[in-house]
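File shown: my_file_28.txt (compact mmCIF, C-alpha atoms and all ligand atoms).
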# COMPACT_ATOMS: atom_id res chain seq x y z
CA MET X 1 188.35 161.85 -39.07
CA LYS X 2 189.74 158.33 -38.71
CA VAL X 3 191.36 155.93 -41.20
CA LEU X 4 191.21 152.24 -40.54
CA SER X 5 192.62 149.37 -42.56
CA CYS X 6 191.35 145.84 -43.00
CA ASN X 7 193.90 143.18 -43.99
CA SER X 8 193.90 142.95 -47.81
CA ASN X 9 196.15 145.92 -48.57
CA ARG X 10 198.01 147.18 -45.50
CA PRO X 11 200.81 148.78 -47.58
CA ILE X 12 198.47 151.20 -49.37
CA ALA X 13 196.65 151.95 -46.11
CA GLU X 14 199.98 152.79 -44.43
CA ALA X 15 200.97 155.03 -47.36
CA ILE X 16 197.59 156.82 -47.18
CA SER X 17 197.99 157.26 -43.43
CA ALA X 18 201.50 158.72 -43.93
CA TYR X 19 200.22 161.14 -46.60
CA LEU X 20 197.42 162.31 -44.31
CA ASN X 21 199.75 162.40 -41.31
CA LEU X 22 197.10 160.45 -39.43
CA PRO X 23 197.90 157.15 -37.70
CA LEU X 24 195.72 154.19 -38.65
CA THR X 25 193.00 153.53 -36.09
CA SER X 26 193.88 150.53 -34.02
CA ALA X 27 191.61 147.56 -34.70
CA SER X 28 191.92 143.85 -34.47
CA ILE X 29 190.53 141.99 -37.48
CA ARG X 30 191.06 138.31 -37.02
CA ARG X 31 189.59 134.85 -37.53
CA PHE X 32 187.95 132.41 -35.18
CA SER X 33 189.25 128.87 -35.55
CA ASP X 34 186.45 128.06 -38.01
CA MET X 35 187.60 131.10 -40.09
CA GLU X 36 184.66 133.34 -39.21
CA VAL X 37 185.74 136.99 -39.20
CA PHE X 38 185.86 138.84 -35.88
CA VAL X 39 186.51 142.57 -35.55
CA GLU X 40 187.20 144.72 -32.53
CA ILE X 41 187.83 148.46 -32.92
CA ASP X 42 190.26 149.44 -30.15
CA GLU X 43 189.51 153.20 -30.15
CA ASN X 44 186.42 155.28 -29.60
CA VAL X 45 184.77 156.10 -32.94
CA ARG X 46 181.59 157.75 -31.67
CA GLY X 47 180.75 160.73 -33.88
CA GLU X 48 183.79 160.18 -36.13
CA ASP X 49 184.09 160.39 -39.92
CA VAL X 50 185.66 156.97 -40.58
CA PHE X 51 187.34 155.74 -43.78
CA VAL X 52 187.79 151.96 -44.03
CA ILE X 53 190.41 150.83 -46.56
CA GLN X 54 189.94 147.41 -48.11
CA SER X 55 190.45 146.02 -51.62
CA THR X 56 188.18 143.06 -52.26
CA SER X 57 190.88 141.24 -54.18
CA PHE X 58 191.97 137.60 -53.73
CA PRO X 59 190.64 135.96 -51.56
CA ALA X 60 187.69 138.09 -52.65
CA ASN X 61 185.04 136.58 -50.39
CA ASP X 62 187.14 136.73 -47.22
CA ASN X 63 188.20 140.29 -47.94
CA LEU X 64 184.64 141.38 -48.69
CA MET X 65 183.45 139.80 -45.44
CA GLU X 66 186.19 141.61 -43.47
CA LEU X 67 184.98 144.92 -44.91
CA LEU X 68 181.32 144.18 -44.11
CA VAL X 69 181.99 143.05 -40.55
CA THR X 70 184.30 146.02 -39.90
CA MET X 71 181.65 148.49 -41.06
CA ASP X 72 179.07 146.75 -38.90
CA ALA X 73 181.38 147.18 -35.90
CA LEU X 74 181.83 150.89 -36.72
CA LYS X 75 178.10 151.43 -37.18
CA ARG X 76 177.38 149.79 -33.82
CA GLY X 77 180.20 151.90 -32.33
CA SER X 78 178.24 155.04 -33.36
CA ALA X 79 180.59 156.32 -36.08
CA ARG X 80 178.98 159.45 -37.59
CA ARG X 81 179.85 158.59 -41.20
CA ILE X 82 181.50 155.51 -42.73
CA THR X 83 183.21 155.53 -46.13
CA ALA X 84 184.20 152.23 -47.72
CA VAL X 85 187.48 152.98 -49.52
CA MET X 86 187.91 150.20 -52.07
CA PRO X 87 191.01 150.71 -54.24
CA TYR X 88 189.97 147.48 -56.02
CA PHE X 89 186.26 146.68 -56.15
CA GLY X 90 185.93 142.92 -56.68
CA TYR X 91 182.92 141.36 -58.42
CA ALA X 92 182.76 144.43 -60.71
CA ARG X 93 182.91 142.30 -63.84
CA GLN X 94 179.64 140.62 -62.88
CA ASP X 95 177.68 143.77 -63.65
CA ARG X 96 174.87 142.33 -65.79
CA LYS X 97 173.10 139.06 -66.42
CA SER X 98 175.52 137.27 -68.73
CA GLY X 99 172.92 134.61 -69.50
CA PRO X 100 169.63 133.23 -68.25
CA ARG X 101 169.54 132.39 -64.53
CA THR X 102 172.83 134.13 -63.71
CA PRO X 103 173.35 136.70 -60.93
CA ILE X 104 174.29 140.37 -61.04
CA SER X 105 176.84 139.95 -58.28
CA ALA X 106 178.15 143.53 -58.45
CA LYS X 107 174.67 144.73 -57.45
CA LEU X 108 174.48 142.17 -54.63
CA VAL X 109 177.87 143.37 -53.33
CA ALA X 110 176.65 146.99 -53.52
CA ASN X 111 173.60 146.03 -51.43
CA LEU X 112 175.77 144.22 -48.87
CA ILE X 113 178.12 147.21 -48.53
CA THR X 114 175.24 149.63 -48.02
CA GLU X 115 173.41 147.32 -45.62
CA SER X 116 176.50 146.79 -43.47
CA GLY X 117 176.71 150.52 -42.73
CA ALA X 118 178.56 152.40 -45.49
CA ASP X 119 177.37 155.99 -46.00
CA ARG X 120 179.71 156.57 -48.96
CA VAL X 121 182.01 154.58 -51.22
CA LEU X 122 185.33 155.57 -52.78
CA THR X 123 186.61 153.45 -55.68
CA LEU X 124 189.32 153.58 -58.31
CA ASP X 125 188.74 152.91 -62.03
CA LEU X 126 185.52 150.98 -61.54
CA HIS X 127 185.25 148.36 -64.26
CA ALA X 128 181.94 149.80 -65.42
CA GLY X 129 180.79 153.33 -64.58
CA GLN X 130 177.18 152.21 -64.20
CA ILE X 131 178.09 150.30 -61.02
CA GLN X 132 177.83 153.72 -59.35
CA GLY X 133 174.10 153.43 -59.96
CA PHE X 134 173.97 150.10 -58.08
CA PHE X 135 174.43 152.17 -54.92
CA ASP X 136 171.83 154.56 -53.51
CA ILE X 137 174.56 156.27 -51.47
CA PRO X 138 177.21 158.64 -52.91
CA LEU X 139 180.11 156.96 -54.71
CA ASP X 140 183.25 158.78 -55.84
CA ASN X 141 185.20 156.94 -58.53
CA LEU X 142 188.83 158.03 -58.95
CA TYR X 143 190.96 157.58 -62.07
CA ALA X 144 194.54 156.33 -62.24
CA ALA X 145 194.93 158.15 -65.59
CA PRO X 146 196.69 161.30 -64.26
CA VAL X 147 199.28 159.18 -62.42
CA PHE X 148 199.85 156.94 -65.46
CA ILE X 149 199.98 159.85 -67.90
CA LYS X 150 202.64 161.59 -65.82
CA ASP X 151 204.69 158.38 -65.73
CA ILE X 152 204.37 157.91 -69.50
CA LYS X 153 205.44 161.54 -70.07
CA ASP X 154 208.47 161.03 -67.79
CA LYS X 155 209.57 157.82 -69.50
CA TYR X 156 208.66 158.19 -73.15
CA ASN X 157 209.03 160.95 -75.66
CA GLY X 158 208.82 161.08 -79.43
CA ASP X 159 205.93 160.95 -81.84
CA ASP X 160 206.08 157.20 -82.44
CA LEU X 161 204.00 156.47 -79.31
CA ILE X 162 200.51 155.06 -79.78
CA MET X 163 197.89 154.14 -77.17
CA VAL X 164 196.14 150.82 -77.74
CA SER X 165 192.89 149.50 -76.34
CA PRO X 166 193.16 145.69 -76.06
CA ASP X 167 189.45 145.31 -76.74
CA VAL X 168 186.51 147.34 -77.98
CA GLY X 169 185.16 147.76 -74.42
CA GLY X 170 188.24 149.75 -73.37
CA VAL X 171 188.22 152.32 -76.17
CA VAL X 172 186.88 155.23 -74.09
CA ARG X 173 189.62 154.72 -71.49
CA ALA X 174 192.45 154.42 -74.05
CA ARG X 175 191.12 157.41 -76.00
CA ALA X 176 191.35 159.59 -72.88
CA PHE X 177 195.05 158.63 -72.59
CA ALA X 178 195.64 159.37 -76.28
CA LYS X 179 194.00 162.76 -75.81
CA GLY X 180 195.98 163.50 -72.64
CA LEU X 181 199.26 162.54 -74.30
CA ASN X 182 198.41 163.86 -77.76
CA THR X 183 199.09 160.49 -79.45
CA ASP X 184 197.27 158.27 -81.91
CA LEU X 185 194.93 155.50 -80.83
CA ALA X 186 194.67 151.91 -82.05
CA ILE X 187 191.99 149.38 -81.15
CA ILE X 188 192.14 145.60 -81.10
CA ASP X 189 188.95 143.99 -82.26
CA LYS X 190 188.76 140.36 -81.15
CA ARG X 191 186.31 138.21 -83.01
CA ARG X 192 185.41 134.53 -83.01
CA GLU X 193 183.60 133.99 -86.31
CA LYS X 194 182.27 130.54 -85.34
CA ALA X 195 182.13 128.64 -82.05
CA GLY X 196 185.16 126.35 -81.80
CA GLU X 197 187.25 128.44 -84.22
CA SER X 198 190.16 130.45 -82.84
CA GLU X 199 189.79 134.17 -82.18
CA VAL X 200 190.80 136.58 -84.95
CA MET X 201 192.54 139.77 -83.82
CA ASN X 202 191.95 142.73 -86.12
CA ILE X 203 193.95 145.85 -85.36
CA ILE X 204 192.25 149.12 -86.18
CA GLY X 205 195.02 151.68 -86.72
CA ASP X 206 198.58 151.52 -88.04
CA VAL X 207 201.00 150.22 -85.41
CA GLY X 208 203.94 149.45 -87.75
CA GLY X 209 207.21 150.79 -86.27
CA ARG X 210 205.35 152.33 -83.32
CA ARG X 211 205.93 152.01 -79.56
CA CYS X 212 202.57 150.71 -78.35
CA ILE X 213 201.13 151.27 -74.89
CA LEU X 214 198.22 149.03 -73.96
CA ILE X 215 195.72 150.62 -71.56
CA ASP X 216 193.25 148.53 -69.52
CA ASP X 217 191.57 148.57 -66.12
CA ILE X 218 192.21 144.96 -65.10
CA VAL X 219 194.80 142.32 -65.88
CA ASP X 220 193.61 139.02 -64.48
CA SER X 221 194.77 135.88 -66.33
CA GLY X 222 196.84 138.11 -68.62
CA GLY X 223 195.25 136.49 -71.68
CA THR X 224 193.78 139.69 -73.09
CA LEU X 225 197.05 141.58 -72.69
CA CYS X 226 199.45 138.90 -73.92
CA ASN X 227 197.34 138.10 -76.99
CA ALA X 228 197.14 141.80 -77.78
CA ALA X 229 200.92 142.18 -77.42
CA VAL X 230 201.57 139.28 -79.80
CA ALA X 231 199.10 140.68 -82.34
CA LEU X 232 200.77 144.12 -82.19
CA MET X 233 204.27 142.67 -82.65
CA ASP X 234 202.99 140.56 -85.57
CA GLN X 235 201.79 143.81 -87.18
CA GLY X 236 205.30 145.28 -86.94
CA ALA X 237 205.11 147.24 -83.69
CA GLN X 238 208.52 148.38 -82.40
CA SER X 239 207.66 147.54 -78.76
CA VAL X 240 204.69 146.94 -76.46
CA SER X 241 204.22 148.09 -72.84
CA ALA X 242 201.10 148.26 -70.69
CA TYR X 243 199.54 150.45 -68.00
CA ILE X 244 196.84 148.61 -66.05
CA THR X 245 195.05 149.93 -62.96
CA HIS X 246 194.35 146.66 -61.15
CA GLY X 247 196.92 143.85 -61.20
CA VAL X 248 194.64 140.94 -60.26
CA LEU X 249 197.18 138.56 -61.85
CA SER X 250 195.56 135.26 -60.90
CA GLY X 251 196.72 131.74 -61.75
CA GLY X 252 199.69 131.69 -64.10
CA ALA X 253 199.33 135.34 -65.13
CA VAL X 254 202.75 136.49 -63.95
CA ALA X 255 204.52 133.65 -65.80
CA ARG X 256 202.43 134.34 -68.91
CA ILE X 257 203.33 138.04 -68.87
CA SER X 258 206.99 137.32 -68.14
CA ALA X 259 207.14 135.11 -71.24
CA SER X 260 205.25 137.60 -73.43
CA PRO X 261 206.64 140.35 -75.68
CA ILE X 262 205.45 142.96 -73.13
CA GLU X 263 208.49 145.10 -72.22
CA THR X 264 207.00 146.56 -69.05
CA LEU X 265 203.64 146.26 -67.36
CA ILE X 266 202.91 148.94 -64.79
CA ALA X 267 200.02 148.41 -62.37
CA THR X 268 198.90 150.55 -59.44
CA ASP X 269 199.15 149.28 -55.86
CA SER X 270 195.35 148.96 -55.60
CA ILE X 271 196.08 145.25 -54.97
CA THR X 272 199.09 144.16 -52.88
CA ALA X 273 201.84 142.74 -55.09
CA THR X 274 202.51 139.02 -54.71
CA GLU X 275 206.07 137.76 -54.39
CA ALA X 276 205.91 136.44 -57.99
CA MET X 277 204.90 139.90 -59.19
CA ARG X 278 207.66 141.58 -57.18
CA VAL X 279 210.39 139.46 -58.78
CA ALA X 280 208.99 139.46 -62.34
CA HIS X 281 211.45 141.20 -64.69
CA ASN X 282 208.79 143.11 -66.62
CA ILE X 283 206.12 143.97 -64.00
CA SER X 284 206.23 146.88 -61.57
CA GLN X 285 203.89 148.95 -59.42
CA ILE X 286 203.28 152.67 -59.21
CA THR X 287 201.57 154.03 -56.12
CA ILE X 288 198.10 155.49 -56.20
CA ALA X 289 198.10 156.19 -52.44
CA PRO X 290 198.55 160.01 -52.66
CA LEU X 291 195.57 160.30 -55.01
CA ILE X 292 193.33 158.23 -52.72
CA ALA X 293 194.60 160.09 -49.65
CA GLU X 294 193.87 163.44 -51.27
CA ALA X 295 190.35 162.29 -52.17
CA ILE X 296 189.81 161.15 -48.56
CA ARG X 297 190.94 164.55 -47.29
CA ARG X 298 188.60 166.33 -49.69
CA ILE X 299 185.62 164.14 -48.77
CA SER X 300 186.27 164.79 -45.10
CA ASP X 301 186.60 168.55 -45.70
CA GLU X 302 183.49 168.52 -47.96
CA ASN X 303 185.56 169.74 -50.92
CA SER X 304 185.32 168.78 -54.59
CA VAL X 305 186.82 165.41 -55.57
CA SER X 306 186.19 165.75 -59.31
CA SER X 307 188.46 168.80 -59.49
CA LEU X 308 191.37 166.39 -58.84
CA PHE X 309 191.02 165.28 -62.46
CA GLU X 310 191.81 167.18 -65.60
CA ILE X 311 190.91 164.08 -67.58
CA SER X 312 187.57 162.40 -67.12
CA ILE X 313 186.80 158.99 -68.54
C1 LIG N 401 187.65 143.23 -69.63
O1 LIG N 401 186.61 143.79 -69.92
C2 LIG N 401 188.68 143.89 -68.78
O2 LIG N 401 188.83 145.24 -69.11
C3 LIG N 401 190.02 143.17 -68.90
O3 LIG N 401 190.45 143.26 -70.25
C4 LIG N 401 189.91 141.72 -68.50
O4 LIG N 401 189.30 141.59 -67.26
C5 LIG N 401 191.31 141.11 -68.46
O5 LIG N 401 191.19 139.77 -68.09
P1 LIG N 401 192.32 138.72 -68.48
O6 LIG N 401 193.63 139.30 -68.02
O7 LIG N 401 191.92 137.48 -67.73
O8 LIG N 401 192.29 138.52 -69.96

Can the structure from this file be put into structure tokens for me?
Ligand code: R5P
Amino acid sequence: MKVLSCNSNRPIAEAISAYLNLPLTSASIRRFSDMEVFVEIDENVRGEDVFVIQSTSFPANDNLMELLVTMDALKRGSARRITAVMPYFGYARQDRKSGPRTPISAKLVANLITESGADRVLTLDLHAGQIQGFFDIPLDNLYAAPVFIKDIKDKYNGDDLIMVSPDVGGVVRARAFAKGLNTDLAIIDKRREKAGESEVMNIIGDVGGRRCILIDDIVDSGGTLCNAAVALMDQGAQSVSAYITHGVLSGGAVARISASPIETLIATDSITATEAMRVAHNISQITIAPLIAEAIRRISDENSVSSLFEISI
């Protein structure tokens, strides 16, 4: 078994390697002067079970290309089995035709990953479960829920807690947290009655006087989360915090969240924290590396991965 890291998230790769007590395979992944990706694996990989760690986060296209070229190098180096370990799977939100003459980019990315040599894929909180079906190779999707639920249990107690889904699409995820923590659930229903009119936020559930915890898979611009937090405070919530698997945090997201009523936003380290994120007063990371490392070990040993989870979403 070998674990190799591309460049998008070295810290999580190093943490996974430490957990497995297995040094990262030496490889040089660099750019030619015109920015083409070049990869050279410095160790023999013939017959090996190789796990390649790469989040296809910003810059998504460069990071995706690094993953594809690395797997091509491994395939041509006669690796026995290649697993693409993608703590953050970019392009996942483009999982259907959103209008006429638009692409299904998540499917295209799945094809590229398979074609470049992956035999398996390991992901974390895939934006949409059906993306698993875009691959004709096995895909194991892990959940951050057990790690988050433990953290919530350690930090909060009392029966005034309530889990909140910031939109209707996230209800299943938030409900699993409510079940795991034995709390109530509230749902924010965003609606734009007419084009050009501002969005109306209806809150389903009573959040008055409650400590609200928003649950979502991705925070990107922060718009969804900040608007939800304002709506909850307007309805008399005592406080609002958030647990989000993937801190994409593009553009002015960190500033937006810092200025919002969100007390704390906790994201996993599926995406490397930027400097702005590191210094933000109300954003922090919790590591998901042991969970991913344990899944890698189980895949390599041909043991069950699903038994890692008491809660399925
Ligand atoms: C949407 O379906 C996702 O679960 C997130 O709510 C969304 O991607 C967040 O994006 P933003 O932070 O830009 O509002």

With all atoms listed in the file counted, collect every polymer residue having an atom within 7 Å of ligand LIG 401 (chain N); state the result as a PDB file with C-alpha atoms, keeping the file's coordinate frame.
ATOM      1  CA  HIS X 127     185.250 148.360 -64.260  1.00  0.00           C
ATOM      2  CA  PRO X 166     193.160 145.690 -76.060  1.00  0.00           C
ATOM      3  CA  ASP X 167     189.450 145.310 -76.740  1.00  0.00           C
ATOM      4  CA  GLY X 169     185.160 147.760 -74.420  1.00  0.00           C
ATOM      5  CA  GLY X 170     188.240 149.750 -73.370  1.00  0.00           C
ATOM      6  CA  ASP X 216     193.250 148.530 -69.520  1.00  0.00           C
ATOM      7  CA  ASP X 217     191.570 148.570 -66.120  1.00  0.00           C
ATOM      8  CA  ILE X 218     192.210 144.960 -65.100  1.00  0.00           C
ATOM      9  CA  VAL X 219     194.800 142.320 -65.880  1.00  0.00           C
ATOM     10  CA  ASP X 220     193.610 139.020 -64.480  1.00  0.00           C
ATOM     11  CA  SER X 221     194.770 135.880 -66.330  1.00  0.00           C
ATOM     12  CA  GLY X 222     196.840 138.110 -68.620  1.00  0.00           C
ATOM     13  CA  GLY X 223     195.250 136.490 -71.680  1.00  0.00           C
ATOM     14  CA  THR X 224     193.780 139.690 -73.090  1.00  0.00           C
ATOM     15  CA  LEU X 225     197.050 141.580 -72.690  1.00  0.00           C
TER      16      LEU X 225
END

| note | re atom CA of X:Asp136 and atom CA of X:Pro290: distance 27.3 Å

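Nearest residue to X:Ala293 among X:Val85, X:Ile131, X:Ala60, X:Leu249 is X:Val85, counting all atoms listed in the file.
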
Could you work out an axis-aligned bounding box for all listed atoms of stretch 44-58 of chain X, with 8 Å added on each of the six sides, and give its centre and edge lengths in Å to one decimal, as JSON?
{"center_x": 186.4, "center_y": 149.2, "center_z": -41.9, "size_x": 27.2, "size_y": 39.1, "size_z": 40.6}

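Look at X:Pro138: the protein and nucleic acid residues within 8 Å of it, using only C-alpha atoms and passing over chain neighbours fewer than 4 places away, are X:Asp119, X:Arg120, X:Val121.
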
| Residues near X:Ala229, cut-off 12 Å, all atoms listed in the file, skip fewer than 4 positions along chain, as a PyMOL selection string | chain X and resi 164-167+188+201+203+207+211-215+222-225+233-242+256-257+259-265

Write the selection just made, keeping C-alpha atoms, as a PDB file, in the frame of the given file?
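Saved file out-v5.pdb follows:
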ATOM      1  CA  VAL X 164     196.140 150.820 -77.740  1.00  0.00           C
ATOM      2  CA  SER X 165     192.890 149.500 -76.340  1.00  0.00           C
ATOM      3  CA  PRO X 166     193.160 145.690 -76.060  1.00  0.00           C
ATOM      4  CA  ASP X 167     189.450 145.310 -76.740  1.00  0.00           C
ATOM      5  CA  ILE X 188     192.140 145.600 -81.100  1.00  0.00           C
ATOM      6  CA  MET X 201     192.540 139.770 -83.820  1.00  0.00           C
ATOM      7  CA  ILE X 203     193.950 145.850 -85.360  1.00  0.00           C
ATOM      8  CA  VAL X 207     201.000 150.220 -85.410  1.00  0.00           C
ATOM      9  CA  ARG X 211     205.930 152.010 -79.560  1.00  0.00           C
ATOM     10  CA  CYS X 212     202.570 150.710 -78.350  1.00  0.00           C
ATOM     11  CA  ILE X 213     201.130 151.270 -74.890  1.00  0.00           C
ATOM     12  CA  LEU X 214     198.220 149.030 -73.960  1.00  0.00           C
ATOM     13  CA  ILE X 215     195.720 150.620 -71.560  1.00  0.00           C
ATOM     14  CA  GLY X 222     196.840 138.110 -68.620  1.00  0.00           C
ATOM     15  CA  GLY X 223     195.250 136.490 -71.680  1.00  0.00           C
ATOM     16  CA  THR X 224     193.780 139.690 -73.090  1.00  0.00           C
ATOM     17  CA  LEU X 225     197.050 141.580 -72.690  1.00  0.00           C
ATOM     18  CA  MET X 233     204.270 142.670 -82.650  1.00  0.00           C
ATOM     19  CA  ASP X 234     202.990 140.560 -85.570  1.00  0.00           C
ATOM     20  CA  GLN X 235     201.790 143.810 -87.180  1.00  0.00           C
ATOM     21  CA  GLY X 236     205.300 145.280 -86.940  1.00  0.00           C
ATOM     22  CA  ALA X 237     205.110 147.240 -83.690  1.00  0.00           C
ATOM     23  CA  GLN X 238     208.520 148.380 -82.400  1.00  0.00           C
ATOM     24  CA  SER X 239     207.660 147.540 -78.760  1.00  0.00           C
ATOM     25  CA  VAL X 240     204.690 146.940 -76.460  1.00  0.00           C
ATOM     26  CA  SER X 241     204.220 148.090 -72.840  1.00  0.00           C
ATOM     27  CA  ALA X 242     201.100 148.260 -70.690  1.00  0.00           C
ATOM     28  CA  ARG X 256     202.430 134.340 -68.910  1.00  0.00           C
ATOM     29  CA  ILE X 257     203.330 138.040 -68.870  1.00  0.00           C
ATOM     30  CA  ALA X 259     207.140 135.110 -71.240  1.00  0.00           C
ATOM     31  CA  SER X 260     205.250 137.600 -73.430  1.00  0.00           C
ATOM     32  CA  PRO X 261     206.640 140.350 -75.680  1.00  0.00           C
ATOM     33  CA  ILE X 262     205.450 142.960 -73.130  1.00  0.00           C
ATOM     34  CA  GLU X 263     208.490 145.100 -72.220  1.00  0.00           C
ATOM     35  CA  THR X 264     207.000 146.560 -69.050  1.00  0.00           C
ATOM     36  CA  LEU X 265     203.640 146.260 -67.360  1.00  0.00           C
TER      37      LEU X 265
END

| query | Separation of atom CA of X:Ile82 and atom CA of X:Pro11, in Å? | reply | 21.0 Å

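Here atom CA of X:Ala144 is placed at a distance of 15.8 Å from atom CA of X:Val171.
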
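The residue that comes closest to X:Arg30, out of X:Ile286, X:Val69, X:Ala15, X:Val3 and on the basis of only C-alpha atoms, is X:Val69.
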
Residue contacts of X:Ile137 (12 Å, all atoms listed in the file) excluding same-chain residues fewer than 3 positions away, as a PDB file with C-alpha atoms, in the coordinates of the input:
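Saved as part22.pdb:
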ATOM      1  CA  ARG X  81     179.850 158.590 -41.200  1.00  0.00           C
ATOM      2  CA  ILE X  82     181.500 155.510 -42.730  1.00  0.00           C
ATOM      3  CA  THR X  83     183.210 155.530 -46.130  1.00  0.00           C
ATOM      4  CA  ALA X  84     184.200 152.230 -47.720  1.00  0.00           C
ATOM      5  CA  ALA X 110     176.650 146.990 -53.520  1.00  0.00           C
ATOM      6  CA  ASN X 111     173.600 146.030 -51.430  1.00  0.00           C
ATOM      7  CA  ILE X 113     178.120 147.210 -48.530  1.00  0.00           C
ATOM      8  CA  THR X 114     175.240 149.630 -48.020  1.00  0.00           C
ATOM      9  CA  GLU X 115     173.410 147.320 -45.620  1.00  0.00           C
ATOM     10  CA  GLY X 117     176.710 150.520 -42.730  1.00  0.00           C
ATOM     11  CA  ALA X 118     178.560 152.400 -45.490  1.00  0.00           C
ATOM     12  CA  ASP X 119     177.370 155.990 -46.000  1.00  0.00           C
ATOM     13  CA  ARG X 120     179.710 156.570 -48.960  1.00  0.00           C
ATOM     14  CA  VAL X 121     182.010 154.580 -51.220  1.00  0.00           C
ATOM     15  CA  LEU X 122     185.330 155.570 -52.780  1.00  0.00           C
ATOM     16  CA  ILE X 131     178.090 150.300 -61.020  1.00  0.00           C
ATOM     17  CA  GLN X 132     177.830 153.720 -59.350  1.00  0.00           C
ATOM     18  CA  GLY X 133     174.100 153.430 -59.960  1.00  0.00           C
ATOM     19  CA  PHE X 134     173.970 150.100 -58.080  1.00  0.00           C
ATOM     20  CA  ASP X 140     183.250 158.780 -55.840  1.00  0.00           C
TER      21      ASP X 140
END

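Residues in contact with X:Pro146 at 10 Å, where all atoms listed in the file are counted and same-chain residues fewer than 2 positions away are skipped, are listed as X:Tyr143, X:Ala144, X:Phe148, X:Ile149, X:Lys150, X:Asp151, X:Ile152, X:Phe177, X:Gly180, X:Leu291, X:Leu308, X:Phe309, X:Glu310, X:Ile311, X:Ser312.
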
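Nearest residue to X:Ala73, choosing from X:Ser98, X:Ser105, X:Ser57, X:Ser116 and counting all atoms listed in the file: X:Ser116.
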
| note | Using only C-alpha atoms, the residue out of X:Arg31, X:Lys155, X:Arg80, X:Arg210 with shortest distance to X:Ala186 is X:Arg210

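Nearest to X:Lys179 of all the residues X:Ala145, X:Glu193, X:Gly209, X:Asn61 is X:Ala145, counting only C-alpha atoms.
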